[in-house]
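K.L.:
Structure file my_file12.pdb (PDB, C-alpha atoms) right here:
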ATOM      1  CA  MET A   1     -24.713 114.723 130.922
ATOM      2  CA  LEU A   2     -25.895 115.230 127.342
ATOM      3  CA  LEU A   3     -22.509 114.259 126.031
ATOM      4  CA  ALA A   4     -22.552 111.079 128.080
ATOM      5  CA  LEU A   5     -25.996 110.142 126.768
ATOM      6  CA  ALA A   6     -24.949 110.807 123.176
ATOM      7  CA  ALA A   7     -21.820 108.707 123.619
ATOM      8  CA  THR A   8     -23.844 105.899 125.145
ATOM      9  CA  ALA A   9     -26.332 106.063 122.277
ATOM     10  CA  LEU A  10     -23.532 105.926 119.740
ATOM     11  CA  VAL A  11     -21.985 102.897 121.415
ATOM     12  CA  ALA A  12     -25.376 101.181 121.574
ATOM     13  CA  VAL A  13     -26.033 101.823 117.877
ATOM     14  CA  ALA A  14     -22.573 100.557 116.991
ATOM     15  CA  LEU A  15     -23.098  97.407 118.994
ATOM     16  CA  LEU A  16     -26.544  96.752 117.545
ATOM     17  CA  SER A  17     -25.582  97.595 113.957
ATOM     18  CA  ASP A  18     -24.864  93.959 113.152
ATOM     19  CA  LEU A  19     -28.466  93.198 113.990
ATOM     20  CA  ILE A  20     -30.085  96.313 112.637
ATOM     21  CA  ILE A  21     -28.368  96.765 109.262
ATOM     22  CA  PRO A  22     -29.351  93.400 107.718
ATOM     23  CA  ARG A  23     -32.941  93.957 108.854
ATOM     24  CA  VAL A  24     -33.010  97.441 107.342
ATOM     25  CA  GLU A  25     -31.512  96.103 104.103
ATOM     26  CA  GLU A  26     -34.123  93.367 103.961
ATOM     27  CA  LEU A  27     -36.972  95.835 104.512
ATOM     28  CA  TRP A  28     -35.506  98.152 101.870
ATOM     29  CA  GLY A  29     -35.225  95.264  99.409
ATOM     30  CA  ARG A  30     -38.823  94.235 100.021
ATOM     31  CA  TRP A  31     -40.047  97.775  99.593
ATOM     32  CA  ARG A  32     -38.183  98.088  96.279
ATOM     33  CA  ALA A  33     -39.444  94.702  95.087
ATOM     34  CA  ARG A  34     -43.013  95.734  95.824
ATOM     35  CA  ARG A  35     -42.555  98.935  93.843
ATOM     36  CA  GLN A  36     -41.137  97.140  90.814
ATOM     37  CA  ARG A  37     -43.761  96.595  88.162
ATOM     38  CA  ALA A  38     -43.880  92.968  87.199
ATOM     39  CA  PRO A  39     -44.944  92.364  83.590
ATOM     40  CA  ALA A  40     -48.513  91.219  83.693
ATOM     41  CA  TRP A  41     -48.962  88.194  81.442
ATOM     42  CA  SER A  42     -52.467  86.990  81.384
ATOM     43  CA  TYR A  43     -53.152  83.329  80.796
ATOM     44  CA  ASP A  44     -53.979  82.833  77.139
ATOM     45  CA  PRO A  45     -55.568  79.431  76.497
ATOM     46  CA  GLY A  46     -55.061  79.780  72.740
ATOM     47  CA  ARG A  47     -51.354  80.444  73.143
ATOM     48  CA  GLU A  48     -50.988  77.511  75.536
ATOM     49  CA  ARG A  49     -52.864  75.222  73.166
ATOM     50  CA  ARG A  50     -50.686  76.209  70.221
ATOM     51  CA  ALA A  51     -47.600  75.696  72.389
ATOM     52  CA  GLU A  52     -48.823  72.239  73.339
ATOM     53  CA  GLN A  53     -49.481  71.343  69.696
ATOM     54  CA  ARG A  54     -45.948  72.368  68.763
ATOM     55  CA  ALA A  55     -44.622  70.396  71.712
ATOM     56  CA  ARG A  56     -46.558  67.296  70.658
ATOM     57  CA  ALA A  57     -45.182  67.587  67.137
ATOM     58  CA  LEU A  58     -41.650  67.838  68.493
ATOM     59  CA  LEU A  59     -42.148  64.876  70.813
ATOM     60  CA  ARG A  60     -43.586  62.822  67.978
ATOM     61  CA  SER A  61     -40.538  63.570  65.833
ATOM     62  CA  CYS A  62     -38.160  62.365  68.548
ATOM     63  CA  VAL A  63     -39.668  59.136  69.904
ATOM     64  CA  ASN A  64     -40.490  56.053  67.874
ATOM     65  CA  GLU A  65     -43.938  55.190  66.587
ATOM     66  CA  GLU A  66     -44.746  52.842  69.470
ATOM     67  CA  GLU A  67     -43.794  55.385  72.110
ATOM     68  CA  TRP A  68     -45.757  58.090  70.371
ATOM     69  CA  SER A  69     -48.841  55.887  70.183
ATOM     70  CA  MET A  70     -48.412  55.044  73.864
ATOM     71  CA  TYR A  71     -48.328  58.697  74.826
ATOM     72  CA  ARG A  72     -51.207  59.602  72.534
ATOM     73  CA  ASP A  73     -53.403  56.772  73.798
ATOM     74  CA  LEU A  74     -52.434  56.488  77.445
ATOM     75  CA  GLY A  75     -51.040  59.902  78.363
ATOM     76  CA  PHE A  76     -47.651  58.697  79.543
ATOM     77  CA  LEU A  77     -44.418  57.212  78.227
ATOM     78  CA  ARG A  78     -42.447  54.191  79.379
ATOM     79  CA  VAL A  79     -38.667  54.287  79.238
ATOM     80  CA  TRP A  80     -36.629  51.191  80.017
ATOM     81  CA  GLY A  81     -33.932  51.540  82.666
ATOM     82  CA  THR A  82     -30.392  50.726  81.641
ATOM     83  CA  LEU A  83     -28.442  50.713  84.913
ATOM     84  CA  ALA A  84     -27.169  47.270  85.828
ATOM     85  CA  ASP A  85     -28.574  47.215  89.362
ATOM     86  CA  GLY A  86     -31.470  49.579  88.941
ATOM     87  CA  PRO A  87     -31.765  53.250  89.768
ATOM     88  CA  ASP A  88     -29.858  54.594  92.751
ATOM     89  CA  ASP A  89     -31.609  54.422  96.114
ATOM     90  CA  ALA A  90     -33.965  51.732  94.892
ATOM     91  CA  GLY A  91     -32.212  49.075  96.932
ATOM     92  CA  GLY A  92     -30.998  47.235  93.867
ATOM     93  CA  THR A  93     -33.109  45.302  91.440
ATOM     94  CA  GLY A  94     -30.906  42.230  91.355
ATOM     95  CA  GLY A  95     -30.581  42.634  87.629
ATOM     96  CA  ALA A  96     -34.337  42.474  87.065
ATOM     97  CA  PRO A  97     -35.551  44.670  84.223
ATOM     98  CA  TYR A  98     -37.069  47.924  85.333
ATOM     99  CA  ALA A  99     -38.582  50.914  83.649
ATOM    100  CA  TYR A 100     -39.827  54.411  84.249
ATOM    101  CA  ILE A 101     -43.231  55.907  83.659
ATOM    102  CA  ILE A 102     -43.103  59.519  82.531
ATOM    103  CA  TYR A 103     -46.146  61.668  83.173
ATOM    104  CA  PRO A 104     -46.318  65.330  82.198
ATOM    105  CA  HIS A 105     -45.510  67.526  85.166
ATOM    106  CA  ARG A 106     -45.704  64.656  87.619
ATOM    107  CA  PRO A 107     -42.928  62.612  89.218
ATOM    108  CA  ILE A 108     -41.179  59.895  87.228
ATOM    109  CA  ILE A 109     -42.074  56.475  88.588
ATOM    110  CA  ALA A 110     -39.556  53.634  88.582
ATOM    111  CA  TYR A 111     -40.968  50.107  88.723
ATOM    112  CA  LEU A 112     -39.996  46.503  88.165
ATOM    113  CA  ALA A 113     -41.198  45.451  84.760
ATOM    114  CA  GLN A 114     -42.262  41.916  85.615
ATOM    115  CA  THR A 115     -43.924  42.342  88.995
ATOM    116  CA  HIS A 116     -45.003  45.980  88.591
ATOM    117  CA  ARG A 117     -43.570  46.658  92.035
ATOM    118  CA  LEU A 118     -43.119  50.401  92.376
ATOM    119  CA  LEU A 119     -39.589  51.398  93.324
ATOM    120  CA  ASN A 120     -39.454  55.155  93.725
ATOM    121  CA  GLU A 121     -40.869  58.487  92.718
ATOM    122  CA  TYR A 122     -38.361  60.888  91.188
ATOM    123  CA  CYS A 123     -39.510  64.477  91.409
ATOM    124  CA  VAL A 124     -37.858  66.564  88.732
ATOM    125  CA  THR A 125     -38.729  69.768  86.941
ATOM    126  CA  PHE A 126     -37.327  71.697  83.992
ATOM    127  CA  PRO A 127     -38.010  75.283  84.980
ATOM    128  CA  ASP A 128     -37.314  78.033  82.478
ATOM    129  CA  GLU A 129     -36.492  80.914  84.785
ATOM    130  CA  THR A 130     -36.638  83.432  81.962
ATOM    131  CA  ARG A 131     -40.438  83.001  82.247
ATOM    132  CA  PRO A 132     -41.180  84.265  78.747
ATOM    133  CA  TYR A 133     -44.922  84.464  79.437
ATOM    134  CA  GLY A 134     -44.812  84.759  83.182
ATOM    135  CA  SER A 135     -44.503  81.043  83.816
ATOM    136  CA  SER A 136     -41.473  78.773  84.083
ATOM    137  CA  ARG A 137     -43.550  75.714  83.174
ATOM    138  CA  LEU A 138     -42.977  73.978  79.834
ATOM    139  CA  PRO A 139     -45.935  72.665  77.829
ATOM    140  CA  ASP A 140     -46.947  69.160  78.902
ATOM    141  CA  SER A 141     -45.400  67.360  75.945
ATOM    142  CA  ASP A 142     -42.183  69.374  76.216
ATOM    143  CA  ASP A 143     -41.926  68.298  79.850
ATOM    144  CA  VAL A 144     -42.358  64.676  78.780
ATOM    145  CA  LEU A 145     -39.770  65.089  76.023
ATOM    146  CA  ALA A 146     -37.289  66.742  78.403
ATOM    147  CA  LYS A 147     -37.651  63.796  80.793
ATOM    148  CA  TRP A 148     -37.373  61.314  77.933
ATOM    149  CA  MET A 149     -34.198  62.956  76.571
ATOM    150  CA  ALA A 150     -32.609  63.269  79.984
ATOM    151  CA  LEU A 151     -33.450  59.658  80.906
ATOM    152  CA  THR A 152     -32.341  58.081  77.651
ATOM    153  CA  GLY A 153     -29.316  60.367  77.366
ATOM    154  CA  ASP A 154     -27.978  60.243  80.905
ATOM    155  CA  GLU A 155     -30.197  58.230  83.225
ATOM    156  CA  ARG A 156     -27.894  58.405  86.235
ATOM    157  CA  ARG A 157     -27.503  62.169  86.001
ATOM    158  CA  LEU A 158     -31.243  62.748  85.935
ATOM    159  CA  ILE A 159     -31.916  60.335  88.768
ATOM    160  CA  THR A 160     -29.273  61.929  90.969
ATOM    161  CA  THR A 161     -30.626  65.395  90.168
ATOM    162  CA  ALA A 162     -34.193  64.459  91.042
ATOM    163  CA  ASN A 163     -35.579  64.364  94.546
ATOM    164  CA  MET A 164     -36.296  60.767  95.356
ATOM    165  CA  HIS A 165     -39.323  59.754  97.377
ATOM    166  CA  LEU A 166     -40.993  56.498  98.214
ATOM    167  CA  PRO A 167     -43.953  55.583  96.014
ATOM    168  CA  GLY A 168     -47.183  57.256  97.029
ATOM    169  CA  ARG A 169     -45.897  60.674  97.985
ATOM    170  CA  GLN A 170     -47.506  62.444  95.051
ATOM    171  CA  LEU A 171     -48.992  59.792  92.832
ATOM    172  CA  ASP A 172     -51.482  57.309  94.159
ATOM    173  CA  PRO A 173     -49.836  53.870  93.814
ATOM    174  CA  ALA A 174     -53.208  52.373  92.918
ATOM    175  CA  GLN A 175     -53.512  54.814  90.038
ATOM    176  CA  VAL A 176     -49.997  53.980  88.831
ATOM    177  CA  ARG A 177     -50.752  50.247  88.983
ATOM    178  CA  ARG A 178     -53.929  50.868  87.003
ATOM    179  CA  ASP A 179     -51.848  52.717  84.425
ATOM    180  CA  LEU A 180     -49.400  49.804  84.267
ATOM    181  CA  TRP A 181     -52.335  47.457  83.758
ATOM    182  CA  ARG A 182     -53.681  49.742  81.018
ATOM    183  CA  LEU A 183     -50.224  49.693  79.448
ATOM    184  CA  SER A 184     -50.107  45.900  79.422
ATOM    185  CA  GLN A 185     -53.615  45.766  77.897
ATOM    186  CA  TRP A 186     -52.603  48.341  75.332
ATOM    187  CA  GLU A 187     -49.493  46.368  74.406
ATOM    188  CA  ARG A 188     -51.483  43.165  73.968
ATOM    189  CA  ALA A 189     -53.998  44.896  71.752
ATOM    190  CA  ARG A 190     -51.199  46.450  69.766
ATOM    191  CA  MET A 191     -49.448  43.102  69.328
ATOM    192  CA  ARG A 192     -52.684  41.572  68.070
ATOM    193  CA  GLN A 193     -53.195  44.478  65.737
ATOM    194  CA  LEU A 194     -49.650  44.294  64.361
ATOM    195  CA  ALA A 195     -50.004  40.546  63.911
ATOM    196  CA  GLY A 196     -53.107  41.194  61.816
ATOM    197  CA  GLY A 197     -55.347  39.783  64.528
ATOM    198  CA  ASP A 198     -58.848  40.786  65.441
ATOM    199  CA  GLY A 199     -58.639  44.341  64.218
ATOM    200  CA  THR A 200     -59.430  45.913  67.557
ATOM    201  CA  THR A 201     -57.822  49.177  68.375
ATOM    202  CA  PRO A 202     -55.834  49.849  71.519
ATOM    203  CA  PRO A 203     -57.819  51.439  74.353
ATOM    204  CA  THR A 204     -57.821  55.190  74.124
ATOM    205  CA  ASP A 205     -58.325  57.165  77.294
ATOM    206  CA  ARG A 206     -56.911  60.387  76.009
ATOM    207  CA  GLN A 207     -57.866  62.512  73.083
ATOM    208  CA  SER A 208     -55.121  63.294  70.638
ATOM    209  CA  ALA A 209     -54.505  66.923  69.868
ATOM    210  CA  ALA A 210     -52.032  66.204  67.089
TER     211      ALA A 210
ATOM    212  CA  MET B   1     -38.473  74.538  74.294
ATOM    213  CA  LYS B   2     -40.153  77.562  75.799
ATOM    214  CA  PRO B   3     -43.030  77.952  78.218
ATOM    215  CA  GLY B   4     -46.032  79.288  76.391
ATOM    216  CA  HIS B   5     -44.470  78.607  73.013
ATOM    217  CA  GLY B   6     -43.063  75.112  72.646
ATOM    218  CA  GLU B   7     -40.420  74.598  70.001
ATOM    219  CA  VAL B   8     -38.454  77.660  68.872
ATOM    220  CA  LEU B   9     -35.963  77.556  66.008
ATOM    221  CA  ILE B  10     -32.786  79.204  67.282
ATOM    222  CA  ALA B  11     -30.392  78.780  64.386
ATOM    223  CA  GLU B  12     -29.879  76.602  61.360
ATOM    224  CA  GLY B  13     -27.093  76.098  58.914
ATOM    225  CA  ASP B  14     -24.752  73.708  57.167
ATOM    226  CA  VAL B  15     -21.736  72.702  59.261
ATOM    227  CA  GLU B  16     -19.766  72.110  56.102
ATOM    228  CA  ARG B  17     -19.837  75.832  55.433
ATOM    229  CA  ALA B  18     -17.308  77.587  57.645
ATOM    230  CA  ASP B  19     -19.401  80.693  58.333
ATOM    231  CA  ASP B  20     -22.478  78.613  59.180
ATOM    232  CA  GLU B  21     -20.455  76.368  61.438
ATOM    233  CA  GLN B  22     -19.005  79.309  63.350
ATOM    234  CA  ARG B  23     -22.476  80.772  63.833
ATOM    235  CA  LEU B  24     -23.843  77.435  65.038
ATOM    236  CA  ILE B  25     -20.947  77.002  67.461
ATOM    237  CA  GLU B  26     -21.511  80.463  68.900
ATOM    238  CA  GLU B  27     -25.228  79.834  69.280
ATOM    239  CA  PHE B  28     -24.564  76.437  70.861
ATOM    240  CA  ARG B  29     -22.244  78.012  73.427
ATOM    241  CA  ARG B  30     -24.690  80.822  74.101
ATOM    242  CA  GLN B  31     -27.437  78.348  74.926
ATOM    243  CA  LEU B  32     -25.219  76.304  77.220
ATOM    244  CA  ASP B  33     -23.949  79.446  78.905
ATOM    245  CA  ALA B  34     -27.585  80.365  79.541
ATOM    246  CA  GLY B  35     -27.826  77.168  81.558
ATOM    247  CA  LEU B  36     -29.674  74.978  79.092
ATOM    248  CA  TRP B  37     -29.035  71.313  78.435
ATOM    249  CA  ALA B  38     -28.507  70.094  74.889
ATOM    250  CA  ALA B  39     -29.612  66.756  73.483
ATOM    251  CA  VAL B  40     -29.527  65.084  70.092
ATOM    252  CA  PRO B  41     -32.293  62.576  69.357
ATOM    253  CA  VAL B  42     -30.933  59.562  67.499
ATOM    254  CA  ALA B  43     -32.287  56.273  66.189
ATOM    255  CA  ASP B  44     -30.494  52.948  66.103
ATOM    256  CA  THR B  45     -30.858  50.311  63.412
ATOM    257  CA  ASP B  46     -33.616  48.510  65.367
ATOM    258  CA  GLY B  47     -35.790  51.605  65.257
ATOM    259  CA  ARG B  48     -35.192  52.304  68.938
ATOM    260  CA  ARG B  49     -34.922  55.981  69.711
ATOM    261  CA  GLU B  50     -32.864  57.630  72.392
ATOM    262  CA  SER B  51     -30.997  60.849  72.904
ATOM    263  CA  ILE B  52     -27.416  61.838  73.421
ATOM    264  CA  MET B  53     -26.694  64.595  75.902
ATOM    265  CA  VAL B  54     -23.963  66.821  74.524
ATOM    266  CA  ARG B  55     -21.805  69.262  76.442
ATOM    267  CA  SER B  56     -19.692  70.590  73.598
ATOM    268  CA  PHE B  57     -20.160  71.196  69.904
ATOM    269  CA  GLU B  58     -17.608  68.490  69.097
ATOM    270  CA  GLU B  59     -19.793  65.879  70.808
ATOM    271  CA  ILE B  60     -22.638  66.378  68.348
ATOM    272  CA  PRO B  61     -22.778  63.407  65.962
ATOM    273  CA  TRP B  62     -21.694  64.453  62.494
ATOM    274  CA  ASP B  63     -24.965  63.294  60.942
ATOM    275  CA  ALA B  64     -27.235  64.927  63.526
ATOM    276  CA  ASP B  65     -29.927  67.029  61.936
ATOM    277  CA  ARG B  66     -30.795  69.001  65.059
ATOM    278  CA  VAL B  67     -29.881  69.762  68.637
ATOM    279  CA  ILE B  68     -32.647  70.370  71.142
ATOM    280  CA  PHE B  69     -32.020  72.748  74.032
ATOM    281  CA  PHE B  70     -34.124  72.539  77.132
ATOM    282  CA  PRO B  71     -34.019  73.910  80.675
ATOM    283  CA  ARG B  72     -31.753  71.944  82.961
ATOM    284  CA  ALA B  73     -33.324  69.577  85.426
ATOM    285  CA  ALA B  74     -33.898  70.550  89.014
ATOM    286  CA  GLY B  75     -35.205  68.521  91.884
ATOM    287  CA  GLY B  76     -38.930  69.030  92.211
ATOM    288  CA  ARG B  77     -41.275  68.635  95.144
TER     289      ARG B  77
END
Show how you would write the structure in this file as structure tokens.

P.N.:
Amino acid sequence: MLLALAATALVAVALLSDLIIPRVEELWGRWRARRQRAPAWSYDPGRERRAEQRARALLRSCVNEEEWSMYRDLGFLRVWGTLADGPDDAGGTGGAPYAYIIYPHRPIIAYLAQTHRLLNEYCVTFPDETRPYGSSRLPDSDDVLAKWMALTGDERRLITTANMHLPGRQLDPAQVRRDLWRLSQWERARMRQLAGGDGTTPPTDRQSAA
Amino acid sequence: MKPGHGEVLIAEGDVERADDEQRLIEEFRRQLDAGLWAAVPVADTDGRRESIMVRSFEEIPWDADRVIFFPRAAGGR
């Protein structure tokens, strides 16, 4: 009787092992992960500020003077698109000029330059998984520079890597249109200034840290 | 580019010196093997700036003064 029960139990365990073993391994893994001591990096505002200042200096050394002024004054960069029929998944632009707006740590917005019609949001990140200070997030200006380099260096590759969404998923389209309006105002003021016009300065909505 | 730090100088040298060049090549490969992307900012004659993404040391323009490594892109949410 006892032998029969033991044999039955063995057969049952053997049959259920496919279900039980992965679950046991998962629980063991979780238990070990909980016991591992993660390095505790506290947020240091001074360190982050110094990192951002270095990032701004690097960005400034890479883009031209107009782009730097745009970022300093408006908080975003515009990059012109170079693909003949617009970015993928945008339904084609019919050859109309288009551009991207690059915000720090926000999606890249593609839009038609003349009508300001928003085409797509491209969600892309540049995570540093080594997490040197507990975070994988680059300083704001480094994120902008990474997007700028990837877009100007290989636009198609970046666009295909990004997750594409319709406008409005993360960024309020009204806010983006306001930013495009601010950009056009800024460009007019800059043109006047460069032409030696009325001496007004471009609108500044963002304090410069550099 | 590093979180919490910004720009970090990894290596520097003169590619016309053989020992420097070898060290730069090794460092370049190490960064790419670590999964980073490499780009060289360049300027054209009109003052327009752009970057060149490079996948091998030979692709770096001969007059480039720096190569910037940054984490590779991933689709975000």

K.L.:
Could the residues of chain A within 7 Å of chain B, counting only C-alpha atoms, be given as a PyMOL selection string, please?

P.N.:
chain A and resi 47-48+51-52+54-55+62-64+123-128+131-133+135-139+142+146+149+152-154+161-163

K.L.:
Using all atoms listed in the file, which residue out of A:Gln193, A:Thr93, A:Gln53, A:Ser69 lies closest to Ala113 in chain A?

P.N.:
A:Thr93

K.L.:
What does the distance between CA of Arg55 in chain B and CA of Arg29 in chain B come to in Å, to one decimal place?

P.N.:
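Straight-line distance from CA of Arg55 in chain B to CA of Arg29 in chain B works out to 9.3 Å.
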
K.L.:
If we count all atoms listed in the file, what is near Arg106 in chain A at a cut-off of 8 Å, once residues fewer than 4 positions away on the same chain are taken out, given as a list in words?

P.N.:
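Selected residues are Ile102, Cys123, Gln170 and Leu171 of chain A.
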
K.L.:
Using only C-alpha atoms, pick whichever of A:Asp73, A:Glu129, A:Glu155, A:Asp140 has the shortest atom-to-atom distance to Arg182 in chain A.

P.N.:
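Ranked by minimum distance to Arg182 in chain A, first place goes to A:Asp73.
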
K.L.:
If I take CA of Gly94 in chain A and CA of Ala150 in chain A, how far is one from the other in Å, to one decimal?

P.N.:
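Computed distance, CA of Gly94 in chain A to CA of Ala150 in chain A, equals 24.0 Å.
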
K.L.:
Would you mind writing range 42-63 of chain B with N, CA and C atoms, as a compact mmCIF listing (two decimals), in the frame of the given file?

P.N.:
# COMPACT_ATOMS: atom_id res chain seq x y z
N VAL B 42 -31.52 60.45 68.51
CA VAL B 42 -30.93 59.56 67.50
C VAL B 42 -31.76 58.27 67.44
N ALA B 43 -31.60 57.56 66.35
CA ALA B 43 -32.29 56.27 66.19
C ALA B 43 -31.24 55.22 65.88
N ASP B 44 -31.41 54.02 66.48
CA ASP B 44 -30.49 52.95 66.10
C ASP B 44 -31.12 52.11 64.99
N THR B 45 -30.40 51.08 64.57
CA THR B 45 -30.86 50.31 63.41
C THR B 45 -32.13 49.51 63.70
N ASP B 46 -32.40 49.26 65.01
CA ASP B 46 -33.62 48.51 65.37
C ASP B 46 -34.85 49.41 65.45
N GLY B 47 -34.67 50.68 65.16
CA GLY B 47 -35.79 51.60 65.26
C GLY B 47 -35.96 52.18 66.65
N ARG B 48 -35.10 51.77 67.59
CA ARG B 48 -35.19 52.30 68.94
C ARG B 48 -34.67 53.74 68.94
N ARG B 49 -35.35 54.59 69.65
CA ARG B 49 -34.92 55.98 69.71
C ARG B 49 -34.36 56.28 71.10
N GLU B 50 -33.41 57.14 71.13
CA GLU B 50 -32.86 57.63 72.39
C GLU B 50 -32.24 58.99 72.13
N SER B 51 -31.64 59.56 73.13
CA SER B 51 -31.00 60.85 72.90
C SER B 51 -29.58 60.81 73.45
N ILE B 52 -28.79 61.69 72.95
CA ILE B 52 -27.42 61.84 73.42
C ILE B 52 -27.31 63.23 74.03
N MET B 53 -26.91 63.29 75.28
CA MET B 53 -26.69 64.60 75.90
C MET B 53 -25.32 65.10 75.48
N VAL B 54 -25.25 66.30 74.99
CA VAL B 54 -23.96 66.82 74.52
C VAL B 54 -23.58 68.06 75.33
N ARG B 55 -22.30 68.14 75.64
CA ARG B 55 -21.80 69.26 76.44
C ARG B 55 -20.87 70.17 75.64
N SER B 56 -20.52 69.73 74.45
CA SER B 56 -19.69 70.59 73.60
C SER B 56 -20.10 70.35 72.15
N PHE B 57 -19.76 71.29 71.31
CA PHE B 57 -20.16 71.20 69.90
C PHE B 57 -19.53 69.98 69.25
N GLU B 58 -18.33 69.63 69.69
CA GLU B 58 -17.61 68.49 69.10
C GLU B 58 -18.30 67.16 69.40
N GLU B 59 -19.11 67.12 70.45
CA GLU B 59 -19.79 65.88 70.81
C GLU B 59 -21.02 65.60 69.95
N ILE B 60 -21.45 66.57 69.18
CA ILE B 60 -22.64 66.38 68.35
C ILE B 60 -22.29 65.41 67.22
N PRO B 61 -23.06 64.34 67.06
CA PRO B 61 -22.78 63.41 65.96
C PRO B 61 -22.77 64.14 64.61
N TRP B 62 -21.88 63.72 63.75
CA TRP B 62 -21.69 64.45 62.49
C TRP B 62 -22.95 64.43 61.63
N ASP B 63 -23.77 63.38 61.78
CA ASP B 63 -24.96 63.29 60.94
C ASP B 63 -26.23 63.78 61.65
